[in-house]
Amino acid sequence: MNKHMLKSIKAEAIKQHKSVYHSSLMYFSMLIWPVLHLFSSYYSYKPFEGSAASELVAKWVGEDMIFAFILFGYISFIFFKCFVQSAWRFSFERISGTLELIYLTPASRLGVMLGNALASLFESAWMFTVFCVGAIVLFTDLNISSIFMPIVAVFSLVIPSICWGIFMNSLFMFSRDTGIFFTLFQTPMELFGGAKIPFPAFPIWAKLIGGFFPLTWSASIVRKIFMHGAIFADIKAELILLTLICIGLFLLTLLLLRRGESYARKTGNMALF
Amino acid sequence: MIINNILATARRNLTMQTRAYPVDFFFSKLLTCFFTILGSFFIYNIVFKGNVTNEFIQYSGTSDYMSFTILGSFMYLFVVGTFLNVSRSFITEMREGTLDSLLISPVNYMGYLSGNMLEQTMITAGELLIAILITIPFGLRFANINVASTMLSIALTLIALFGMSIILSGIMIYFKDTYLSQNTVFSIIYLTTGILFPIQYLPSWLQVISNYIPVTYSLRTLRNSVLTGLDITSQYNDFKQLAVLSIVYFTVGMLMIRRIVKKAPERQFI
Amino acid sequence: MLIAKGLKKNYISKEKTGFLKSRLKTVEAIKSLDLTIRPGKIVGLLGLNGAGKTTTIKMLSTLLEPDGGSCSIDGLDLTRDAFKIKHIVNMIAGGERMVYWRLTARENLEYFGKLYNIPNNELNKRIDNLIEFVGLNERANEAVEKYSKGMKQRLQIARGLINDPKYLFMDEPTLGLDAPIARDLRKFTKSLANKEGKGILLTSHYINEIEELCDYVYIINQGQKVMEGSPKEIASIVANCTNKYHIKINSFPDKLKVQLETYLSAIQSDYQLDGADGSFEICVSTHKDIQSELIAMLSQQTKIISFAAMEPKLEDAIITLSEVRAYEQAHA
């Protein structure tokens with residue numbers, strides 16, 4: 001990573017941040033929407049809570065921990081979701097013609113993607129903090145083994161979600177029809193990634209799909225750390241899987257960026273819409 | 001005149017939509033609906049092995065959880081479709097610079113908006129037909145349907161959604177924003193109107209909000225008509241509330257949009 | 001120096017033939033184009049219609065990859081050294097979209113400057129100069145969405161100069177600009193070439209602009225070069241087929257009329273008569289240079305008050321060319 005690339009990352013992150021958070025209402029909505037969605041998820045469990053199957057569920061979710069289960073799943077989901085959203089916003093630069101101007105410069109493409117993703121890291125970090133503070137206030141019985149583990153949790157959210165973000169960015173750069181990618185990645189990620197529904201309860205085919213989303217393993221790590229007092233050894237398997245997925249995503253991103261630009265240079269579809 | 005406006009607008013929209021994103025747009029919406037229902041299916045069948053609480057049966061009047069959420073998802077699909085299309089119509093014209101050419105013509109606002117609504121209703125109705133086919137395996141049941149009250153519920157719902165989207169349209173033009181306003185409205189409706197769970201679970205202060213959103217009554221009458229098969233008279237109160245809210249939203253919307261759109265060209269430069 | 005030889009670009013586009021069906025269609029946007037831009041010179045690119053001007057500019061600015069031919073810019077190869085070339089070229093396109101509306105002018109320039117890896121000190125200085133130059137100083141810290149069309153375009157120009165490019169490609173830069181700003185821009189473009197030695201490629205709809213600014217002009221039509229030369233050369237080459245003479249004569253006897261008509265129809269030419277208050281003005285358009293013959297014929301029978309051979313204008317040349325092309329195509 002050279003100096004020019006660092007500069008591109010920084011410039012892109014600042015630009016993206018200023019473009020998106022031009023209005024103070026953005027900060028407000030960044031909290032209000034997730035809170036509303038969180039409660040929607042929580043209440044959608046209500047028709048079952050206390051039914052005959054409750055004991056069954058306790059084995060996956062933990063006794064009386066449905067809200068905590070959803071909350072930590074949701075916190076993890078938000079991290080990834082922010083990046084998909086920012087990629088989606090980035091894809092609009094094609095329409096406004098600024099994508100072409102970025103390609104006109106000799107800036108590192110990976111740097112621009114990374115900078116763009118980092119801008120939304122700010123968004124998720126802000127929500128993460130608020131939600132975590134909320135969780136600590138709400139639940140006095142959070143079970144955390146040591147002060148070291150929440151840091152592990154943060155890392156296992158930040159790094160995979162950035163990898164996911166730059167992957168999404170480069171994917172969105174490749175195609176003009178970004179709406180379909182959004183649907184293909186965002187909603188299934190929420191469902192199969194186990195943000196709302198316990199992953200271990202899934203049938204095998206759903207597990208196979210979910211296993212590819214880094215969110216699945218990040219959410220599992222976060223829940224184990226905050227709800228079940230996991231120590232490092234308890235999450236080793238998830239960490240290994242996450243690392244492999246991240247490396248895979250990163251390589252795919254590099255490939256997509258290279259192929260994407262040369263494809264755009266051939267077809268001239270960078271600005272056409 | 002007004003009929004011409006309606007038809008011209010509807011035709012223009014259909015042409016643009018089929019030209020720009022035919023397959024893409026269609027699959028996006030259907031997939032979203034599909035995944036929402038699949039999520040409910042997992043929770044109901046896999047996590048809770050088909051058990052709901054008596055409380056749920058009491059609140060919703062049915063033990064058919066899957067049909068309950070499928071109808072909720074359909075309604076949400078309709079709400080989102082209408083708002084995205086009708087509410088954004090004016091501001092999109094403003095952004096693309098066609099608003100001026102529209103205002104120069106003696107266009108009838110009501111006709112223009114109804115045209116958008118008509119096109120939207122046709123598209124979403126088509127999507128819903130396919131969605132129904134997809135969701136039958138998940139357990140959508142029509143056995144008890146009361147056709148008359150279902151039709152009335154749908155008709156009133158259309159007027160209500162039309163009114164709501166006109167108001168939202170005005171807000172969008174006024175604040176020159178679509179992203180914040182539309183997503184806030186979607187989130188509120190998703191939580192408070194009983195899309196995925198009976199609103200009785202909500203804290204009472206939130207239920208107060210629910211009672212002022214027509215979608216709440218739309219959902220209740222739709223579910224009662226389709227799932228329980230209640231007739232119009234036994235749902236008299238809900239229908240009355242829905243009708244009153246529809247008229248109120250619609251009137252407020254029309255009064256508001258006229259003023260705001262007229263001022264829009266001036267505000268474009270602020 | 002920028003030397004392009006035989007540049008070629010095909011677009012493969014999907015043509016929708018049904019709901020899910022489509023077929024591939026190849027369009028030859030640029031068939032084969034030779035082009036040279038010397039430092040310090042302004043080269044015009046004029047197109048008749050859908051000629052491929054923008055495609056050419058995008059190829060030269062590395063946004064599009066040529067499908068054939070070669071191009072070297074200061075010894076760098078357009079395809080192989082695209083990244084190095086990006087440092088020394090830039091593009092300014094007309095229109096108001098291509099900047100970030102929610103950022104200020106300064107923030108926009110900072111962003112792009114950093115993508116070009118310009119050291120911070122220098123970047124700040126350059127931004128100050130550019131903002132001053134395009135006359136946005138008073139509103140440099142305001143969000144672009146509040147700017148007028150012209151201001152957005154001026155920002156666009158500043159952005160195009162942010163990396164101090166050696167070669168600048170301007171695609172309709174004055175499109176939609178107010179007359180005084182367009183004039184300033186022309187002046188500035190000229191000084192960029194003359195004083196700073198930048199090589200500039202300019203496309204414009206305003207032929208007068210090309211005529212005023214360009215040292216050399218390429219005319220392309222449907223991806224092919226039709227003609228090249230200095231604006232004067234082109235005008236006179238083309239104008240050879242349409243010489244125009246405005247002649248004022250004191251009387252127009254019938255005998256002369258018959259003689260003139262016979263003479264002109266023999267060389268497939270024509271004239272128009274504008275006479276009023278006993279004065280006669282005839283306007284002759286012809287393919288040939290018949291100045292001396294005309295004078296001889298007229299002076300025998302009447303008195304010539306004035307005789308003007310019209311200076312050929314580039315605009316006439318272009319119109320003639322496009323008419324000729326349209327005729328050729330219709331009969332191809």
# chains A, B, ... in the order shown; residues from 1 in each chain; ligands from 1
$ closest_atom_pairs --of "chain A" --to "chain C" --cutoff "7 Å" --atoms "only C-alpha atoms" --output "tab-separated table"
residue	atom	partner	partner_atom	distance
A:His4	CA	C:Asn117	CA	5.5
A:Lys7	CA	C:Lys114	CA	6.2
A:Ser8	CA	C:Leu115	CA	5.2
A:Ala11	CA	C:Tyr111	CA	5.4
A:Glu12	CA	C:Tyr111	CA	7.0
A:Lys15	CA	C:Tyr111	CA	6.6
A:Lys18	CA	C:Leu103	CA	6.6
A:Ser19	CA	C:Arg102	CA	5.2
A:His22	CA	C:Arg102	CA	6.7
A:Ser96	CA	C:Arg97	CA	5.5
A:Gly97	CA	C:Met98	CA	4.9
A:Thr98	CA	C:Met98	CA	5.0
A:Tyr103	CA	C:Leu63	CA	6.9
A:Leu104	CA	C:Leu63	CA	6.3
A:Thr105	CA	C:Lys86	CA	5.6
A:Pro106	CA	C:Phe83	CA	5.5
A:Ala107	CA	C:Leu115	CA	4.8
A:Arg265	CA	C:Leu64	CA	4.1
A:Lys266	CA	C:Glu65	CA	5.5
A:Thr267	CA	C:Tyr11	CA	5.9
A:Gly268	CA	C:Leu64	CA	6.1
$ interface_residues --of "chain B" --to "chain A" --cutoff "9 Å" --atoms "only C-alpha atoms" --output "number ranges by chain"
B: 21, 24-25, 27-29, 31-32, 35-36, 38-40, 42-44, 46-57, 65, 180, 183-184, 187-188, 190-192, 196-198, 201-202
$ residues_around --residues "A:Trp164" --least-positions-apart "4" --cutoff "7 Å" --atoms "only C-alpha atoms" --output "tab-separated table (two decimals) with N, CA, C and O atoms, in the first residue's frame"
chain	number	residue	atom	x	y	z
A	160	PRO	N	-14.52	-8.17	8.55
A	160	PRO	CA	-15.34	-8.83	7.52
A	160	PRO	C	-16.32	-7.87	6.83
A	160	PRO	O	-16.55	-8.00	5.63
A	168	MET	N	-18.94	-5.59	-2.44
A	168	MET	CA	-20.20	-5.04	-2.95
A	168	MET	C	-19.93	-3.87	-3.89
A	168	MET	O	-20.52	-3.76	-4.96
A	249	LEU	N	-13.20	-13.04	-0.38
A	249	LEU	CA	-13.87	-11.82	-0.84
A	249	LEU	C	-12.87	-10.82	-1.40
A	249	LEU	O	-13.12	-10.17	-2.41
$ residues_around --residues "A:Glu238" --least-positions-apart "2" --cutoff "10 Å" --atoms "only C-alpha atoms" --output "PDB file with N, CA and C atoms, in the first residue's frame"
ATOM      1  N   SER A 156     -14.150  -8.697  14.716  1.00  0.00           N
ATOM      2  CA  SER A 156     -14.769  -9.696  13.852  1.00  0.00           C
ATOM      3  C   SER A 156     -16.016  -9.125  13.165  1.00  0.00           C
ATOM      4  N   PRO A 214     -20.411 -13.652   5.422  1.00  0.00           N
ATOM      5  CA  PRO A 214     -19.586 -13.435   6.615  1.00  0.00           C
ATOM      6  C   PRO A 214     -20.423 -13.044   7.834  1.00  0.00           C
ATOM      7  N   THR A 216     -22.988 -14.361   8.999  1.00  0.00           N
ATOM      8  CA  THR A 216     -23.362 -15.528   9.788  1.00  0.00           C
ATOM      9  C   THR A 216     -22.375 -15.760  10.928  1.00  0.00           C
ATOM     10  N   TRP A 217     -21.091 -15.724  10.569  1.00  0.00           N
ATOM     11  CA  TRP A 217     -20.064 -16.052  11.568  1.00  0.00           C
ATOM     12  C   TRP A 217     -19.788 -14.862  12.481  1.00  0.00           C
ATOM     13  N   SER A 218     -19.862 -13.661  11.924  1.00  0.00           N
ATOM     14  CA  SER A 218     -19.678 -12.486  12.784  1.00  0.00           C
ATOM     15  C   SER A 218     -20.767 -12.443  13.849  1.00  0.00           C
ATOM     16  N   ALA A 219     -22.009 -12.652  13.422  1.00  0.00           N
ATOM     17  CA  ALA A 219     -23.127 -12.586  14.370  1.00  0.00           C
ATOM     18  C   ALA A 219     -22.978 -13.663  15.434  1.00  0.00           C
ATOM     19  N   SER A 220     -22.548 -14.833  14.998  1.00  0.00           N
ATOM     20  CA  SER A 220     -22.382 -15.924  15.956  1.00  0.00           C
ATOM     21  C   SER A 220     -21.321 -15.560  17.004  1.00  0.00           C
ATOM     22  N   ILE A 221     -20.219 -14.968  16.535  1.00  0.00           N
ATOM     23  CA  ILE A 221     -19.158 -14.577  17.462  1.00  0.00           C
ATOM     24  C   ILE A 221     -19.663 -13.514  18.449  1.00  0.00           C
ATOM     25  N   ASP A 234     -13.670 -20.706  22.389  1.00  0.00           N
ATOM     26  CA  ASP A 234     -15.048 -21.035  21.989  1.00  0.00           C
ATOM     27  C   ASP A 234     -15.385 -20.540  20.587  1.00  0.00           C
ATOM     28  N   ILE A 235     -14.643 -19.545  20.129  1.00  0.00           N
ATOM     29  CA  ILE A 235     -15.019 -18.955  18.836  1.00  0.00           C
ATOM     30  C   ILE A 235     -13.972 -19.198  17.762  1.00  0.00           C
ATOM     31  N   LYS A 236     -13.039 -20.099  18.063  1.00  0.00           N
ATOM     32  CA  LYS A 236     -11.942 -20.337  17.130  1.00  0.00           C
ATOM     33  C   LYS A 236     -12.441 -20.774  15.750  1.00  0.00           C
ATOM     34  N   ILE A 240     -11.789 -18.799  12.150  1.00  0.00           N
ATOM     35  CA  ILE A 240     -11.079 -19.371  11.004  1.00  0.00           C
ATOM     36  C   ILE A 240     -11.932 -19.249   9.743  1.00  0.00           C
ATOM     37  N   LEU A 241     -13.199 -19.615   9.877  1.00  0.00           N
ATOM     38  CA  LEU A 241     -14.100 -19.513   8.726  1.00  0.00           C
ATOM     39  C   LEU A 241     -14.174 -18.086   8.205  1.00  0.00           C
ATOM     40  N   LEU A 242     -14.306 -17.138   9.161  1.00  0.00           N
ATOM     41  CA  LEU A 242     -14.388 -15.722   8.778  1.00  0.00           C
ATOM     42  C   LEU A 242     -13.154 -15.295   7.995  1.00  0.00           C
ATOM     43  N   THR A 243     -11.993 -15.700   8.503  1.00  0.00           N
ATOM     44  CA  THR A 243     -10.748 -15.322   7.836  1.00  0.00           C
ATOM     45  C   THR A 243     -10.737 -15.837   6.407  1.00  0.00           C
ATOM     46  N   LEU A 244     -11.144 -17.112   6.247  1.00  0.00           N
ATOM     47  CA  LEU A 244     -11.152 -17.676   4.899  1.00  0.00           C
ATOM     48  C   LEU A 244     -12.103 -16.907   3.986  1.00  0.00           C
TER      49      LEU A 244
END
$ decode --residues "stretch 243-255 of chain C" --atoms "all heavy atoms" --output "mmCIF file, in the first residue's frame"
data_model
loop_
_atom_site.group_PDB
_atom_site.id
_atom_site.type_symbol
_atom_site.label_atom_id
_atom_site.label_comp_id
_atom_site.auth_asym_id
_atom_site.auth_seq_id
_atom_site.Cartn_x
_atom_site.Cartn_y
_atom_site.Cartn_z
ATOM 1 N N ASN C 243 -18.532 29.039 -54.723
ATOM 2 C CA ASN C 243 -18.117 30.438 -54.718
ATOM 3 C C ASN C 243 -19.350 31.322 -54.734
ATOM 4 O O ASN C 243 -20.340 31.005 -55.369
ATOM 5 C CB ASN C 243 -17.292 30.737 -55.970
ATOM 6 C CG ASN C 243 -15.909 30.147 -55.829
ATOM 7 O OD1 ASN C 243 -15.299 30.239 -54.771
ATOM 8 N ND2 ASN C 243 -15.427 29.502 -56.890
ATOM 9 N N LYS C 244 -19.235 32.397 -53.983
ATOM 10 C CA LYS C 244 -20.372 33.316 -53.940
ATOM 11 C C LYS C 244 -19.908 34.712 -54.306
ATOM 12 O O LYS C 244 -18.892 35.183 -53.794
ATOM 13 C CB LYS C 244 -20.957 33.333 -52.526
ATOM 14 C CG LYS C 244 -22.071 32.338 -52.336
ATOM 15 C CD LYS C 244 -22.767 32.578 -51.018
ATOM 16 C CE LYS C 244 -23.837 31.512 -50.808
ATOM 17 N NZ LYS C 244 -24.299 31.495 -49.431
ATOM 18 N N TYR C 245 -20.644 35.336 -55.196
ATOM 19 C CA TYR C 245 -20.308 36.707 -55.566
ATOM 20 C C TYR C 245 -21.516 37.595 -55.367
ATOM 21 O O TYR C 245 -22.611 37.253 -55.817
ATOM 22 C CB TYR C 245 -19.875 36.772 -57.046
ATOM 23 C CG TYR C 245 -18.750 35.823 -57.382
ATOM 24 C CD1 TYR C 245 -18.999 34.645 -58.068
ATOM 25 C CD2 TYR C 245 -17.442 36.119 -56.997
ATOM 26 C CE1 TYR C 245 -17.974 33.767 -58.363
ATOM 27 C CE2 TYR C 245 -16.413 35.242 -57.296
ATOM 28 C CZ TYR C 245 -16.679 34.067 -57.976
ATOM 29 O OH TYR C 245 -15.671 33.200 -58.269
ATOM 30 N N HIS C 246 -21.300 38.689 -54.680
ATOM 31 C CA HIS C 246 -22.363 39.684 -54.558
ATOM 32 C C HIS C 246 -21.992 40.856 -55.466
ATOM 33 O O HIS C 246 -20.950 41.473 -55.284
ATOM 34 C CB HIS C 246 -22.479 40.174 -53.114
ATOM 35 C CG HIS C 246 -23.206 39.213 -52.239
ATOM 36 N ND1 HIS C 246 -24.531 39.341 -51.957
ATOM 37 C CD2 HIS C 246 -22.780 38.092 -51.616
ATOM 38 C CE1 HIS C 246 -24.915 38.343 -51.178
ATOM 39 N NE2 HIS C 246 -23.857 37.565 -50.952
ATOM 40 N N ILE C 247 -22.849 41.130 -56.438
ATOM 41 C CA ILE C 247 -22.501 42.186 -57.406
ATOM 42 C C ILE C 247 -23.634 43.203 -57.456
ATOM 43 O O ILE C 247 -24.821 42.833 -57.520
ATOM 44 C CB ILE C 247 -22.308 41.611 -58.824
ATOM 45 C CG1 ILE C 247 -21.405 40.366 -58.752
ATOM 46 C CG2 ILE C 247 -21.711 42.652 -59.763
ATOM 47 C CD1 ILE C 247 -21.697 39.353 -59.801
ATOM 48 N N LYS C 248 -23.242 44.464 -57.362
ATOM 49 C CA LYS C 248 -24.232 45.533 -57.505
ATOM 50 C C LYS C 248 -24.028 46.164 -58.864
ATOM 51 O O LYS C 248 -22.910 46.563 -59.195
ATOM 52 C CB LYS C 248 -24.006 46.572 -56.404
ATOM 53 C CG LYS C 248 -25.298 47.042 -55.764
ATOM 54 C CD LYS C 248 -24.981 48.026 -54.650
ATOM 55 C CE LYS C 248 -26.182 48.212 -53.769
ATOM 56 N NZ LYS C 248 -25.855 48.996 -52.585
ATOM 57 N N ILE C 249 -25.085 46.214 -59.660
ATOM 58 C CA ILE C 249 -24.955 46.843 -60.968
ATOM 59 C C ILE C 249 -25.999 47.937 -61.123
ATOM 60 O O ILE C 249 -27.038 47.943 -60.443
ATOM 61 C CB ILE C 249 -25.080 45.822 -62.122
ATOM 62 C CG1 ILE C 249 -26.244 44.869 -61.833
ATOM 63 C CG2 ILE C 249 -23.782 45.070 -62.338
ATOM 64 C CD1 ILE C 249 -26.483 43.830 -62.866
ATOM 65 N N ASN C 250 -25.736 48.784 -62.047
ATOM 66 C CA ASN C 250 -26.491 49.982 -62.214
ATOM 67 C C ASN C 250 -27.760 49.746 -63.060
ATOM 68 O O ASN C 250 -28.810 50.325 -62.821
ATOM 69 C CB ASN C 250 -25.395 50.896 -62.799
ATOM 70 C CG ASN C 250 -25.836 52.056 -63.462
ATOM 71 O OD1 ASN C 250 -26.982 52.081 -63.673
ATOM 72 N ND2 ASN C 250 -24.983 53.008 -63.767
ATOM 73 N N SER C 251 -27.681 48.788 -64.029
ATOM 74 C CA SER C 251 -28.879 48.409 -64.786
ATOM 75 C C SER C 251 -28.770 46.924 -65.135
ATOM 76 O O SER C 251 -27.688 46.340 -65.075
ATOM 77 C CB SER C 251 -28.978 49.241 -66.065
ATOM 78 O OG SER C 251 -27.869 48.927 -66.901
ATOM 79 N N PHE C 252 -29.910 46.374 -65.538
ATOM 80 C CA PHE C 252 -29.904 44.934 -65.832
ATOM 81 C C PHE C 252 -30.686 44.679 -67.110
ATOM 82 O O PHE C 252 -31.827 44.227 -67.078
ATOM 83 C CB PHE C 252 -30.499 44.176 -64.642
ATOM 84 C CG PHE C 252 -30.200 42.712 -64.660
ATOM 85 C CD1 PHE C 252 -28.968 42.213 -65.130
ATOM 86 C CD2 PHE C 252 -31.135 41.800 -64.207
ATOM 87 C CE1 PHE C 252 -28.700 40.866 -65.124
ATOM 88 C CE2 PHE C 252 -30.867 40.441 -64.194
ATOM 89 C CZ PHE C 252 -29.648 39.977 -64.650
ATOM 90 N N PRO C 253 -30.083 45.014 -68.265
ATOM 91 C CA PRO C 253 -30.829 44.880 -69.525
ATOM 92 C C PRO C 253 -31.165 43.422 -69.825
ATOM 93 O O PRO C 253 -30.464 42.511 -69.386
ATOM 94 C CB PRO C 253 -29.842 45.445 -70.572
ATOM 95 C CG PRO C 253 -28.544 45.588 -69.894
ATOM 96 C CD PRO C 253 -28.734 45.524 -68.432
ATOM 97 N N ASP C 254 -32.241 43.250 -70.602
ATOM 98 C CA ASP C 254 -32.706 41.894 -70.917
ATOM 99 C C ASP C 254 -31.643 41.081 -71.633
ATOM 100 O O ASP C 254 -31.508 39.881 -71.421
ATOM 101 C CB ASP C 254 -33.959 41.964 -71.801
ATOM 102 C CG ASP C 254 -35.160 42.384 -70.982
ATOM 103 O OD1 ASP C 254 -35.032 42.320 -69.725
ATOM 104 O OD2 ASP C 254 -36.178 42.776 -71.548
ATOM 105 N N LYS C 255 -30.897 41.740 -72.449
ATOM 106 C CA LYS C 255 -29.874 41.039 -73.220
ATOM 107 C C LYS C 255 -28.837 40.410 -72.275
ATOM 108 O O LYS C 255 -28.435 39.249 -72.424
ATOM 109 C CB LYS C 255 -29.201 42.039 -74.172
ATOM 110 C CG LYS C 255 -28.390 41.371 -75.269
ATOM 111 C CD LYS C 255 -27.794 42.427 -76.184
ATOM 112 C CE LYS C 255 -26.531 41.910 -76.844
ATOM 113 N NZ LYS C 255 -25.618 43.003 -77.192
#
